[in-house]
$ cat structure_10.cif   # mmCIF, C-alpha atoms
data_work
#
loop_
_atom_site.label_atom_id
_atom_site.label_comp_id
_atom_site.auth_asym_id
_atom_site.auth_seq_id
_atom_site.Cartn_x
_atom_site.Cartn_y
_atom_site.Cartn_z
CA MET J 793 -10.70 16.02 12.48
CA ASP J 794 -13.02 13.00 12.78
CA LEU J 795 -11.34 10.07 11.02
CA LEU J 796 -14.35 7.84 11.61
CA HIS J 797 -17.19 10.07 10.40
CA GLY J 798 -15.73 13.01 8.45
CA LYS J 799 -15.73 13.23 4.65
CA VAL J 800 -13.02 10.85 3.46
CA ARG J 801 -11.86 12.97 0.51
CA LYS J 802 -11.37 16.08 2.63
CA ILE J 803 -9.58 14.19 5.39
CA TYR J 804 -7.32 12.29 3.01
CA PHE J 805 -6.11 15.30 1.06
CA LYS J 806 -5.57 17.31 4.23
CA TYR J 807 -3.46 14.47 5.59
CA LEU J 808 -1.72 14.06 2.23
CA ALA J 809 -0.71 17.73 2.16
CA ALA J 810 0.67 17.47 5.70
CA ALA J 811 2.37 14.11 5.13
CA PHE J 812 3.82 15.22 1.79
CA GLY J 813 5.26 18.36 3.34
CA SER J 814 6.64 16.45 6.29
CA ALA J 815 8.11 13.60 4.24
CA LEU J 816 9.54 15.82 1.53
CA ILE J 817 11.02 18.37 3.88
CA SER J 818 12.57 15.62 6.01
CA SER J 819 14.57 14.60 2.95
CA ILE J 820 15.87 18.13 2.65
CA TYR J 821 18.71 17.36 5.04
CA GLY J 822 20.40 15.01 2.61
CA LEU J 823 19.34 16.93 -0.50
CA VAL J 824 20.63 20.32 0.60
CA ASP J 825 23.78 18.76 2.00
CA MET J 826 24.43 17.02 -1.32
CA ALA J 827 23.75 20.17 -3.35
CA MET J 828 25.89 22.47 -1.17
CA VAL J 829 28.75 20.03 -0.73
CA GLY J 830 28.68 19.12 -4.42
CA GLN J 831 28.94 22.77 -5.38
CA TYR J 832 31.72 23.39 -2.83
CA GLN J 833 33.85 20.30 -3.33
CA GLY J 834 32.72 18.91 -6.68
CA PRO J 835 32.11 15.23 -7.55
CA ALA J 836 34.31 14.00 -4.67
CA GLY J 837 31.97 15.61 -2.13
CA THR J 838 28.91 14.15 -3.86
CA ALA J 839 30.50 10.69 -3.92
CA ALA J 840 31.41 10.97 -0.21
CA LEU J 841 27.80 11.73 0.71
CA ALA J 842 26.65 8.79 -1.43
CA VAL J 843 28.79 6.63 0.87
CA VAL J 844 27.12 8.20 3.95
CA ALA J 845 23.60 7.62 2.53
CA PRO J 846 23.19 4.11 4.06
CA VAL J 847 23.77 5.60 7.52
CA TRP J 848 20.69 7.78 7.01
CA ASN J 849 18.72 4.76 5.81
CA ILE J 850 19.53 2.91 9.03
CA ILE J 851 18.67 5.86 11.29
CA TYR J 852 15.39 6.71 9.58
CA SER J 853 14.29 3.10 9.27
CA LEU J 854 14.67 2.46 12.99
CA GLY J 855 12.48 5.49 13.75
CA LEU J 856 9.88 4.24 11.25
CA LEU J 857 9.94 0.77 12.79
CA THR J 858 8.61 1.98 16.14
CA GLY J 859 6.72 4.98 14.75
CA ILE J 860 4.67 3.28 12.04
CA GLY J 861 4.41 -0.04 13.88
CA GLY J 862 3.27 1.61 17.09
CA SER J 863 0.95 4.17 15.51
CA VAL J 864 -0.89 1.54 13.41
CA LEU J 865 -1.66 -0.44 16.57
CA PHE J 866 -2.45 2.79 18.45
CA SER J 867 -5.09 3.85 15.90
CA THR J 868 -6.56 0.37 15.53
CA ALA J 869 -7.05 0.20 19.30
CA ARG J 870 -8.64 3.66 19.31
CA GLY J 871 -11.00 2.61 16.52
CA LYS J 872 -12.14 -0.24 18.76
CA GLY J 873 -12.70 2.20 21.63
CA GLN J 874 -9.71 0.88 23.62
CA GLY J 875 -8.08 4.14 24.71
CA GLU J 876 -5.94 2.64 27.46
CA ALA J 877 -4.53 -0.04 25.17
CA ALA J 878 -3.78 2.63 22.55
CA ASN J 879 -1.60 4.58 24.97
CA GLU J 880 0.12 1.41 26.10
CA TYR J 881 1.28 0.99 22.51
CA PHE J 882 2.46 4.61 22.46
CA THR J 883 4.52 4.08 25.61
CA ALA J 884 5.92 0.80 24.31
CA ALA J 885 6.92 2.50 21.05
CA LEU J 886 8.71 5.21 23.03
CA VAL J 887 10.63 2.61 25.04
CA GLY J 888 11.61 0.81 21.85
CA THR J 889 12.79 4.06 20.25
CA ILE J 890 14.99 4.88 23.25
CA VAL J 891 16.66 1.47 23.07
CA LEU J 892 17.23 1.66 19.30
CA ALA J 893 18.47 5.26 19.52
CA LEU J 894 21.10 4.34 22.10
CA ALA J 895 22.22 1.29 20.11
CA SER J 896 22.54 3.13 16.78
CA TRP J 897 24.20 6.10 18.49
CA GLY J 898 26.90 3.88 19.94
CA ALA J 899 27.46 2.09 16.63
CA ILE J 900 27.92 5.31 14.64
CA VAL J 901 30.10 6.99 17.27
CA PHE J 902 32.50 4.11 17.80
CA PHE J 903 32.45 2.23 14.49
CA ASP J 904 32.09 4.95 11.87
CA ARG J 905 35.33 4.12 10.05
CA PRO J 906 34.68 0.40 9.39
CA MET J 907 31.02 1.19 8.71
CA LEU J 908 31.83 3.75 6.01
CA LYS J 909 34.43 1.46 4.43
CA PHE J 910 31.83 -1.30 4.28
CA PHE J 911 29.43 1.13 2.60
CA GLY J 912 31.93 1.67 -0.22
CA ALA J 913 34.30 4.41 0.94
CA GLU J 914 37.83 4.07 -0.34
CA GLU J 915 40.79 5.98 1.05
CA THR J 916 40.20 9.22 -0.88
CA LEU J 917 36.52 9.46 0.09
CA LEU J 918 36.77 8.18 3.67
CA PRO J 919 38.19 11.41 5.22
CA LEU J 920 35.43 13.51 3.61
CA ALA J 921 32.69 11.09 4.72
CA ARG J 922 33.99 11.04 8.32
CA GLU J 923 34.31 14.83 8.38
CA TYR J 924 30.62 15.16 7.46
CA LEU J 925 29.52 12.52 9.94
CA GLY J 926 31.43 14.05 12.87
CA PRO J 927 28.82 16.69 13.90
CA VAL J 928 25.92 14.36 13.01
CA LYS J 929 27.09 11.89 15.67
CA PHE J 930 25.88 14.25 18.40
CA ALA J 931 22.33 14.31 17.00
CA VAL J 932 21.68 10.66 16.07
CA PRO J 933 18.87 10.07 18.64
CA PHE J 934 16.93 13.12 17.43
CA PHE J 935 16.52 11.63 13.96
CA LEU J 936 14.94 8.46 15.36
CA PHE J 937 12.63 10.35 17.73
CA ASN J 938 11.54 12.71 14.96
CA GLN J 939 10.39 9.80 12.78
CA MET J 940 8.59 8.13 15.69
CA LEU J 941 6.88 11.29 16.96
CA ALA J 942 5.77 12.39 13.48
CA ALA J 943 3.92 9.09 13.01
CA PHE J 944 2.10 9.42 16.34
CA LEU J 945 1.25 13.10 15.79
CA ARG J 946 -0.45 12.17 12.50
CA ASN J 947 -2.45 9.48 14.26
CA ASP J 948 -3.28 11.87 17.11
CA SER J 949 -5.01 14.32 14.72
CA ASN J 950 -2.13 16.79 14.57
CA PRO J 951 -0.41 16.24 11.21
CA GLY J 952 0.09 19.99 10.79
CA LEU J 953 2.47 20.23 13.74
CA ALA J 954 4.57 17.37 12.42
CA THR J 955 4.87 19.21 9.11
CA ALA J 956 5.63 22.55 10.80
CA ALA J 957 8.35 20.94 12.92
CA VAL J 958 10.08 19.35 9.95
CA LEU J 959 9.64 22.56 7.94
CA ALA J 960 11.36 24.63 10.63
CA GLY J 961 14.28 22.21 10.85
CA GLY J 962 14.51 22.07 7.07
CA ILE J 963 14.53 25.84 6.64
CA PHE J 964 17.29 26.14 9.21
CA ASN J 965 19.23 23.41 7.42
CA VAL J 966 19.03 25.28 4.10
CA ALA J 967 20.23 28.54 5.61
CA GLY J 968 22.71 26.79 7.90
CA ASP J 969 24.24 24.83 5.03
CA TYR J 970 24.89 27.99 3.06
CA ILE J 971 26.34 29.82 6.06
CA CYS J 972 28.46 26.96 7.37
CA VAL J 973 29.63 25.48 4.07
CA PHE J 974 30.33 28.70 2.16
CA ARG J 975 30.32 31.75 4.42
CA LEU J 976 32.26 30.08 7.25
CA ASP J 977 34.23 28.02 4.73
CA MET J 978 33.67 24.81 6.72
CA GLY J 979 32.98 22.70 3.64
CA ILE J 980 31.49 19.26 4.15
CA LYS J 981 31.76 19.51 7.95
CA GLY J 982 29.55 22.61 7.90
CA ALA J 983 26.82 20.62 6.18
CA GLY J 984 26.96 18.11 9.03
CA VAL J 985 26.69 20.89 11.63
CA ALA J 986 23.60 22.41 9.97
CA THR J 987 21.91 19.00 9.66
CA ALA J 988 22.45 18.19 13.35
CA ILE J 989 21.03 21.52 14.55
CA GLY J 990 18.06 21.23 12.18
CA ALA J 991 17.16 17.85 13.69
CA LEU J 992 17.23 19.33 17.21
CA ILE J 993 14.88 22.15 16.17
CA THR J 994 12.41 19.65 14.67
CA PHE J 995 12.48 17.55 17.84
CA LEU J 996 11.79 20.49 20.17
CA ILE J 997 8.84 21.69 18.09
CA MET J 998 7.28 18.22 18.00
CA LEU J 999 7.48 18.03 21.78
CA SER J 1000 5.12 21.01 21.97
CA HIS J 1001 2.27 18.67 20.93
CA PHE J 1002 2.18 17.37 24.49
CA LEU J 1003 1.30 20.87 25.71
CA THR J 1004 -1.67 21.33 23.36
CA GLY J 1005 -5.33 20.52 23.83
CA LYS J 1006 -5.22 18.13 20.84
CA ASN J 1007 -2.91 15.75 22.66
CA THR J 1008 -4.44 12.41 23.70
CA LEU J 1009 -1.09 10.61 23.98
CA ARG J 1010 -0.48 9.50 27.53
CA PHE J 1011 2.45 7.76 29.17
CA THR J 1012 1.16 4.66 30.87
CA ARG J 1013 2.70 1.43 32.09
CA PRO J 1014 2.15 -1.09 29.29
CA LYS J 1015 0.92 -4.54 30.22
CA GLY J 1016 3.10 -7.20 28.64
CA LEU J 1017 5.78 -4.85 27.31
CA PRO J 1018 7.79 -7.59 25.50
CA VAL J 1019 4.66 -8.74 23.65
CA LYS J 1020 3.75 -5.18 22.66
CA LEU J 1021 7.27 -4.52 21.43
CA LYS J 1022 7.08 -7.71 19.40
CA ASN J 1023 3.74 -6.64 17.88
CA ILE J 1024 5.15 -3.20 17.06
CA GLY J 1025 8.17 -4.81 15.42
CA ILE J 1026 6.03 -7.18 13.34
CA THR J 1027 3.64 -4.44 12.25
CA GLY J 1028 6.33 -1.90 11.45
CA PHE J 1029 8.89 -4.27 9.96
CA SER J 1030 8.00 -3.75 6.31
CA THR J 1031 8.27 0.05 6.53
CA PHE J 1032 11.51 -0.36 8.46
CA PHE J 1033 12.87 -2.78 5.89
CA ILE J 1034 12.10 -0.47 2.95
CA ASP J 1035 14.61 2.05 4.28
CA ILE J 1036 17.09 -0.60 5.43
CA ALA J 1037 16.86 -2.20 1.99
CA MET J 1038 17.61 1.16 0.39
CA GLY J 1039 20.78 1.28 2.46
CA ILE J 1040 21.68 -2.28 1.47
CA LEU J 1041 21.05 -1.53 -2.19
CA THR J 1042 23.05 1.70 -1.99
CA THR J 1043 25.95 -0.27 -0.57
CA LEU J 1044 25.66 -2.88 -3.34
CA PHE J 1045 25.47 -0.18 -5.99
CA ASN J 1046 28.47 1.67 -4.52
CA ARG J 1047 30.59 -1.48 -4.55
CA GLN J 1048 29.46 -2.59 -8.01
CA ILE J 1049 30.02 0.88 -9.47
CA MET J 1050 33.56 1.01 -8.11
CA LYS J 1051 34.16 -2.50 -9.49
CA TYR J 1052 32.77 -1.97 -12.99
CA ALA J 1053 33.01 1.81 -13.50
CA GLY J 1054 34.58 4.62 -11.42
CA THR J 1055 34.14 7.77 -9.36
CA ASN J 1056 32.32 9.68 -12.13
CA GLU J 1057 29.58 7.05 -12.19
CA LEU J 1058 29.56 6.98 -8.38
CA ALA J 1059 29.03 10.74 -8.34
CA VAL J 1060 26.08 10.33 -10.73
CA TYR J 1061 24.71 7.61 -8.48
CA GLY J 1062 24.95 10.06 -5.58
CA VAL J 1063 22.53 12.25 -7.53
CA ILE J 1064 20.25 9.24 -8.11
CA VAL J 1065 20.24 8.48 -4.39
CA ASN J 1066 18.93 11.96 -3.67
CA ILE J 1067 16.29 11.94 -6.40
CA SER J 1068 15.20 8.48 -5.29
CA THR J 1069 14.93 9.78 -1.74
CA ILE J 1070 12.51 12.47 -2.90
CA VAL J 1071 10.40 9.98 -4.88
CA GLN J 1072 10.40 7.61 -1.93
CA CYS J 1073 9.28 10.46 0.32
CA CYS J 1074 6.37 11.09 -2.04
CA ALA J 1075 5.46 7.42 -1.69
CA TYR J 1076 5.76 7.68 2.08
CA SER J 1077 3.40 10.65 2.06
CA VAL J 1078 0.71 8.62 0.30
CA GLY J 1079 1.12 5.80 2.81
CA GLN J 1080 1.33 8.07 5.84
CA ALA J 1081 -1.71 10.09 4.76
CA SER J 1082 -3.88 7.02 4.32
CA GLN J 1083 -2.57 4.87 7.17
CA PRO J 1084 -4.34 6.69 10.06
CA ILE J 1085 -7.62 6.57 8.12
CA PHE J 1086 -7.16 2.91 7.21
CA SER J 1087 -6.17 1.85 10.72
CA ILE J 1088 -8.86 3.56 12.78
CA ASN J 1089 -11.60 2.56 10.33
CA PHE J 1090 -10.31 -1.00 10.25
CA GLY J 1091 -10.63 -1.10 14.03
CA ALA J 1092 -14.15 0.38 13.78
CA ARG J 1093 -15.07 -2.00 10.90
CA GLN J 1094 -15.90 0.87 8.54
CA TRP J 1095 -15.07 -1.02 5.34
CA GLU J 1096 -16.43 1.40 2.75
CA ARG J 1097 -14.30 4.23 4.16
CA ILE J 1098 -11.24 2.03 3.67
CA ARG J 1099 -12.18 1.45 0.01
CA GLN J 1100 -12.70 5.17 -0.58
CA THR J 1101 -9.31 6.00 0.95
CA LEU J 1102 -7.67 3.31 -1.17
CA ARG J 1103 -8.98 4.91 -4.37
CA TYR J 1104 -7.53 8.31 -3.47
CA ALA J 1105 -4.22 6.75 -2.44
CA LEU J 1106 -3.84 4.83 -5.71
CA LEU J 1107 -4.53 7.98 -7.74
CA SER J 1108 -1.93 9.87 -5.69
CA ALA J 1109 0.69 7.14 -6.18
CA ALA J 1110 0.05 7.12 -9.94
CA PHE J 1111 0.44 10.91 -10.11
CA PHE J 1112 3.77 10.92 -8.29
CA GLY J 1113 5.10 8.04 -10.37
CA LEU J 1114 4.25 9.67 -13.68
CA ALA J 1115 5.51 13.12 -12.65
CA TRP J 1116 8.94 12.01 -11.43
CA THR J 1117 9.53 9.65 -14.34
CA ALA J 1118 8.75 12.43 -16.82
CA LEU J 1119 11.05 14.89 -15.03
CA ILE J 1120 14.10 12.64 -14.90
CA LEU J 1121 13.68 11.51 -18.52
CA GLN J 1122 13.39 15.11 -19.70
CA PHE J 1123 16.01 16.89 -17.52
CA PRO J 1124 18.80 14.47 -16.47
CA ASN J 1125 21.65 16.98 -16.61
CA GLY J 1126 19.50 19.57 -14.87
CA PHE J 1127 19.38 17.30 -11.82
CA ILE J 1128 23.11 16.71 -12.00
CA ARG J 1129 23.80 20.47 -11.96
CA ILE J 1130 21.56 20.91 -8.93
CA PHE J 1131 23.58 18.49 -6.84
CA MET J 1132 27.12 19.25 -7.94
CA ASN J 1133 29.45 21.39 -10.00
CA PRO J 1134 29.93 18.69 -12.65
CA THR J 1135 32.92 17.91 -14.79
CA ALA J 1136 32.59 17.28 -18.53
CA GLU J 1137 33.05 13.54 -17.87
CA VAL J 1138 30.14 13.46 -15.41
CA LEU J 1139 27.86 15.31 -17.84
CA ALA J 1140 28.80 12.84 -20.56
CA VAL J 1141 27.89 9.67 -18.61
CA GLY J 1142 25.06 11.12 -16.53
CA PRO J 1143 22.01 11.28 -18.85
CA SER J 1144 22.00 7.63 -19.92
CA ILE J 1145 22.43 6.47 -16.31
CA LEU J 1146 19.66 8.70 -14.91
CA ARG J 1147 17.21 7.83 -17.69
CA ALA J 1148 17.76 4.09 -17.32
CA TYR J 1149 17.39 4.11 -13.54
CA GLY J 1150 14.60 6.72 -13.61
CA ILE J 1151 12.13 4.35 -15.29
CA SER J 1152 11.82 2.64 -11.90
CA PHE J 1153 10.16 5.76 -10.44
CA LEU J 1154 6.99 4.99 -12.41
CA LEU J 1155 6.01 2.11 -10.09
CA LEU J 1156 8.03 2.92 -6.96
CA PRO J 1157 5.28 4.98 -5.19
CA PHE J 1158 2.67 2.28 -5.83
CA ASN J 1159 4.86 -0.52 -4.46
CA ILE J 1160 5.88 1.37 -1.33
CA PHE J 1161 2.33 2.56 -0.61
CA SER J 1162 1.12 -1.05 -0.70
CA THR J 1163 3.14 -1.91 2.42
CA TYR J 1164 1.24 0.75 4.42
CA TYR J 1165 -2.06 -0.62 3.13
CA PHE J 1166 -1.26 -4.19 4.14
CA GLN J 1167 0.00 -3.04 7.55
CA SER J 1168 -3.25 -1.18 8.19
CA LEU J 1169 -5.34 -4.25 7.30
CA MET J 1170 -3.24 -6.28 9.75
CA LYS J 1171 -1.63 -8.27 6.95
CA PRO J 1172 2.01 -8.11 8.08
CA ARG J 1173 3.01 -11.16 6.03
CA ALA J 1174 1.94 -9.50 2.78
CA SER J 1175 3.70 -6.29 3.75
CA PHE J 1176 6.80 -8.26 4.73
CA PHE J 1177 6.76 -10.15 1.43
CA VAL J 1178 6.58 -6.97 -0.66
CA SER J 1179 9.32 -5.16 1.26
CA VAL J 1180 11.76 -8.10 1.26
CA PHE J 1181 10.96 -9.21 -2.31
CA ARG J 1182 11.51 -5.67 -3.55
CA GLY J 1183 14.29 -4.63 -1.24
CA VAL J 1184 16.70 -7.55 -1.37
CA LEU J 1185 15.65 -10.72 -3.15
CA VAL J 1186 15.01 -9.40 -6.65
CA SER J 1187 16.91 -6.11 -6.67
CA GLY J 1188 19.98 -7.50 -4.90
CA LEU J 1189 20.28 -10.40 -7.30
CA LEU J 1190 19.85 -8.14 -10.33
CA ILE J 1191 22.42 -5.61 -9.07
CA TRP J 1192 24.88 -8.43 -8.59
CA PHE J 1193 24.30 -10.50 -11.73
CA LEU J 1194 23.24 -8.06 -14.48
CA PRO J 1195 26.66 -6.38 -14.88
CA LEU J 1196 28.37 -9.75 -14.50
CA PHE J 1197 26.60 -11.22 -17.52
CA MET J 1198 25.50 -8.16 -19.52
CA GLY J 1199 28.12 -5.50 -18.80
CA ALA J 1200 28.33 -2.40 -16.60
CA GLY J 1201 25.52 -0.56 -18.42
CA ALA J 1202 22.99 -3.23 -17.42
CA LEU J 1203 23.46 -2.31 -13.75
CA TRP J 1204 21.21 0.74 -14.12
CA PHE J 1205 18.24 -1.37 -15.25
CA ALA J 1206 18.19 -3.46 -12.06
CA MET J 1207 15.63 -1.27 -10.29
CA PRO J 1208 13.19 -0.81 -13.22
CA VAL J 1209 12.99 -4.60 -13.62
CA THR J 1210 12.59 -5.01 -9.85
CA GLU J 1211 9.72 -2.51 -9.58
CA LEU J 1212 7.88 -4.15 -12.49
CA LEU J 1213 8.08 -7.64 -10.98
CA VAL J 1214 7.04 -6.37 -7.54
CA ALA J 1215 4.11 -4.37 -8.96
CA ALA J 1216 2.66 -7.53 -10.52
CA ALA J 1217 2.61 -9.20 -7.11
CA VAL J 1218 1.26 -6.07 -5.40
CA VAL J 1219 -1.69 -5.78 -7.79
CA TYR J 1220 -2.69 -9.37 -7.02
CA LEU J 1221 -2.44 -8.86 -3.23
CA ILE J 1222 -4.33 -5.55 -3.16
CA VAL J 1223 -7.18 -7.01 -5.21
CA LYS J 1224 -7.25 -10.14 -3.04
CA TYR J 1225 -7.34 -8.39 0.34
CA THR J 1226 -9.70 -5.62 -0.74
CA LYS J 1227 -12.21 -8.18 -2.01
CA GLU J 1228 -12.02 -9.91 1.39
CA LEU J 1229 -13.32 -6.78 3.16
CA PRO J 1230 -17.02 -7.15 3.99
CA VAL J 1231 -19.42 -5.13 1.84
CA LYS J 1232 -20.95 -3.46 4.91
#

$ encode --input "structure_10.cif" --output "structure tokens"
Amino acid sequence: MDLLHGKVRKIYFKYLAAAFGSALISSIYGLVDMAMVGQYQGPAGTAALAVVAPVWNIIYSLGLLTGIGGSVLFSTARGKGQGEAANEYFTAALVGTIVLALASWGAIVFFDRPMLKFFGAEETLLPLAREYLGPVKFAVPFFLFNQMLAAFLRNDSNPGLATAAVLAGGIFNVAGDYICVFRLDMGIKGAGVATAIGALITFLIMLSHFLTGKNTLRFTRPKGLPVKLKNIGITGFSTFFIDIAMGILTTLFNRQIMKYAGTNELAVYGVIVNISTIVQCCAYSVGQASQPIFSINFGARQWERIRQTLRYALLSAAFFGLAWTALILQFPNGFIRIFMNPTAEVLAVGPSILRAYGISFLLLPFNIFSTYYFQSLMKPRASFFVSVFRGVLVSGLLIWFLPLFMGAGALWFAMPVTELLVAAAVVYLIVKYTKELPVK
């Protein structure tokens, strides 16, 4: 598909379908695990997986750092007709992924206990969390490589294979969770086994891209590797930080919930984490669908094609925001029943918590998409500002201070207020940088 000359609408929605499938299905690991474990072991299992959630944020964010950062520079170089430089960025991104995979692998294998305790596990939840994480330890590098390869496959005109690979791993994970958790009576450990094998399947299928005629990715010795790694890190930092920030915020929420409430509220928050993951994946799909089109046309100075893509992306973000907000406001206990076998206490506190927090989903896709847009226009400072402002500065302060001054119930309004404040800044920046694009 010709990203420089083809019809923008057709290209965008084809990429959106592929990116949406890939992003949504990639979240199926955590979602199915939460649902199966919650049904098998009740609120305690759901709360244990809420504690593990920041581990996933770290793993995925590191893969996005090299994947999105490298693929943006890869496509921009291709748009300028610099094929050799493009593949140097691909090779540099691969080197960076290997280094990060080894580092995160070692951290999770050798420091899982203190890590999980820091993320909010207390003595009753820690054994369950460690039992789940045991099999996952063997597959940590695959999760990073899957994120990195999916980004490059989309930018190498093969988004369908990325989606098919994640779909295959996700389908196995669904079936494997049921078999391992229930049929083999392995409980939470079985969910970890199925997740690890699903990641391996996805990785092997993505590797088949290098055997196809569509492949233009080449391994080449990059000139100035440290500089290229630095550029990849700068370009991909905001996408990386969005996921890292989610892990930080999950940790803050876990600790604040245990301070001001209890395990019932933590179990409900485990449900929120999973719904938020789905909404965030929808936002990622909008960004990942538009980013290859933005980047290559930015390199080729095709400004009107960038504006057209922006219009479609904004409409997509608005649709996802409205849809998910309406669903969580209308069916809060329905979501709770999907992810656990709830007690009467959980059903009593759940609806008000989900409805309060769920208002944030209205603007979440728009704010996350904006970081991809700024990255593609080579505006890393704007992207950095949005990701840090949203991910730590505002939200972290609100999570910490709202319950302190306004009571435990105010905690659940931290994210709606955050998304509103960030959206105001994002609107200003998008208008500013879009107006700066030449007319022709």

$ residues_near_point --input "structure_10.cif" --point "(18.4, 24.8, -7.7)" --cutoff "12 Å" --atoms "all atoms listed in the file" --output "PyMOL selection string"
chain J and resi 823-824+826-828+831+966+1126-1133

$ residues_around --input "structure_10.cif" --residues "Phe964 of chain J" --least-positions-apart "3" --cutoff "10 Å" --atoms "only C-alpha atoms" --output "list in words"
Tyr821, Val958, Leu959, Ala960, Gly961, Ala967, Gly968, Asp969, Tyr970, Ala986, Thr987, Ile989, Gly990, Ala991, Ile993 and Thr994 of chain J

$ closest_atom_pairs --input "structure_10.cif" --of "segment 1007-1072 of chain J" --to "segment 1153-1161 of chain J" --cutoff "9 Å" --atoms "all atoms listed in the file" --output "Markdown table"
| residue | atom | partner | partner_atom | distance |
| --- | --- | --- | --- | --- |
| J:Thr1031 | CA | J:Ile1160 | CA | 8.3 |
| J:Ile1034 | CA | J:Ile1160 | CA | 7.8 |
| J:Ser1068 | CA | J:Phe1153 | CA | 7.7 |
| J:Val1071 | CA | J:Phe1153 | CA | 7.0 |
| J:Gln1072 | CA | J:Pro1157 | CA | 6.6 |

$ resolve_selection --input "structure_10.cif" --expression "the PyMOL selection byres ((chain J and resi 1099-1111) around 9)" --output "ChimeraX atom specification"
/J:800-801,804-805,808,1074-1075,1078-1079,1081-1082,1085-1086,1095-1098,1112-1116,1154-1159,1161,1165,1226,1229

$ closest_residue --input "structure_10.cif" --among "J:Arg975, J:Lys981, J:Lys909, J:Arg946" --to "Val829 of chain J" --atoms "only C-alpha atoms"
J:Lys981

$ atom_distance --input "structure_10.cif" --atom1 "atom CA of Leu941 of chain J" --atom2 "atom CA of Ile971 of chain J"
29.0 Å

$ residues_around --input "structure_10.cif" --residues "Gly1062 of chain J" --least-positions-apart "5" --cutoff "12 Å" --atoms "only C-alpha atoms" --output "ChimeraX atom specification"
/J:822-823,825-827,829-830,834-846,1042-1043,1045-1046,1049,1055-1057,1067-1069,1127-1128,1130-1132,1138,1142,1145-1146

$ atom_distance --input "structure_10.cif" --atom1 "atom CA of Val847 of chain J" --atom2 "atom CA of Phe1033 of chain J"
13.8 Å

$ resolve_selection --input "structure_10.cif" --expression "the PyMOL selection byres ((chain J and resi 1174) around 12)" --output "number ranges by chain"
J: 1026-1027, 1029-1030, 1159, 1162-1173, 1175-1181, 1214, 1217-1222, 1224-1225

$ residues_around --input "structure_10.cif" --residues "Trp1192 of chain J" --least-positions-apart "2" --cutoff "9 Å" --atoms "all atoms listed in the file" --output "MDAnalysis selection string"
chainID J and resid 1044:1045 1048 1187:1190 1194:1196 1203

$ closest_residue --input "structure_10.cif" --among "J:Ser1087, J:Ile1151, J:Tyr852, J:Leu1185" --to "Leu1212 of chain J" --atoms "all atoms listed in the file"
J:Ile1151

$ closest_residue --input "structure_10.cif" --among "J:Gly1201, J:Gly871, J:Gly813, J:Pro1084" --to "Leu953 of chain J" --atoms "only C-alpha atoms"
J:Gly813

$ atom_distance --input "structure_10.cif" --atom1 "atom CA of Phe944 of chain J" --atom2 "atom CA of Gly859 of chain J"
6.6 Å

$ closest_residue --input "structure_10.cif" --among "J:Ala931, J:Ala1200, J:Leu1021, J:Leu945" --to "Phe1002 of chain J" --atoms "only C-alpha atoms"
J:Leu945

$ closest_residue --input "structure_10.cif" --among "J:Ala942, J:Gln833, J:Asp794, J:Ile860" --to "Leu920 of chain J" --atoms "only C-alpha atoms"
J:Gln833

$ resolve_selection --input "structure_10.cif" --expression "the PyMOL selection byres ((chain J and resi 889-898) around 10)" --output "PDB file with C-alpha atoms, in the coordinates of the input"
ATOM      1  CA  VAL J 847      23.770   5.600   7.520  1.00  0.00           C
ATOM      2  CA  ILE J 850      19.530   2.910   9.030  1.00  0.00           C
ATOM      3  CA  ILE J 851      18.670   5.860  11.290  1.00  0.00           C
ATOM      4  CA  LEU J 854      14.670   2.460  12.990  1.00  0.00           C
ATOM      5  CA  GLY J 855      12.480   5.490  13.750  1.00  0.00           C
ATOM      6  CA  LEU J 856       9.880   4.240  11.250  1.00  0.00           C
ATOM      7  CA  LEU J 857       9.940   0.770  12.790  1.00  0.00           C
ATOM      8  CA  THR J 858       8.610   1.980  16.140  1.00  0.00           C
ATOM      9  CA  GLY J 859       6.720   4.980  14.750  1.00  0.00           C
ATOM     10  CA  THR J 883       4.520   4.080  25.610  1.00  0.00           C
ATOM     11  CA  ALA J 884       5.920   0.800  24.310  1.00  0.00           C
ATOM     12  CA  ALA J 885       6.920   2.500  21.050  1.00  0.00           C
ATOM     13  CA  LEU J 886       8.710   5.210  23.030  1.00  0.00           C
ATOM     14  CA  VAL J 887      10.630   2.610  25.040  1.00  0.00           C
ATOM     15  CA  GLY J 888      11.610   0.810  21.850  1.00  0.00           C
ATOM     16  CA  ALA J 899      27.460   2.090  16.630  1.00  0.00           C
ATOM     17  CA  ILE J 900      27.920   5.310  14.640  1.00  0.00           C
ATOM     18  CA  VAL J 901      30.100   6.990  17.270  1.00  0.00           C
ATOM     19  CA  PHE J 902      32.500   4.110  17.800  1.00  0.00           C
ATOM     20  CA  PHE J 903      32.450   2.230  14.490  1.00  0.00           C
ATOM     21  CA  ASP J 904      32.090   4.950  11.870  1.00  0.00           C
ATOM     22  CA  LYS J 929      27.090  11.890  15.670  1.00  0.00           C
ATOM     23  CA  PHE J 930      25.880  14.250  18.400  1.00  0.00           C
ATOM     24  CA  ALA J 931      22.330  14.310  17.000  1.00  0.00           C
ATOM     25  CA  VAL J 932      21.680  10.660  16.070  1.00  0.00           C
ATOM     26  CA  PRO J 933      18.870  10.070  18.640  1.00  0.00           C
ATOM     27  CA  PHE J 934      16.930  13.120  17.430  1.00  0.00           C
ATOM     28  CA  PHE J 935      16.520  11.630  13.960  1.00  0.00           C
ATOM     29  CA  LEU J 936      14.940   8.460  15.360  1.00  0.00           C
ATOM     30  CA  PHE J 937      12.630  10.350  17.730  1.00  0.00           C
ATOM     31  CA  GLN J 939      10.390   9.800  12.780  1.00  0.00           C
ATOM     32  CA  MET J 940       8.590   8.130  15.690  1.00  0.00           C
ATOM     33  CA  LEU J 941       6.880  11.290  16.960  1.00  0.00           C
TER      34      LEU J 941
END
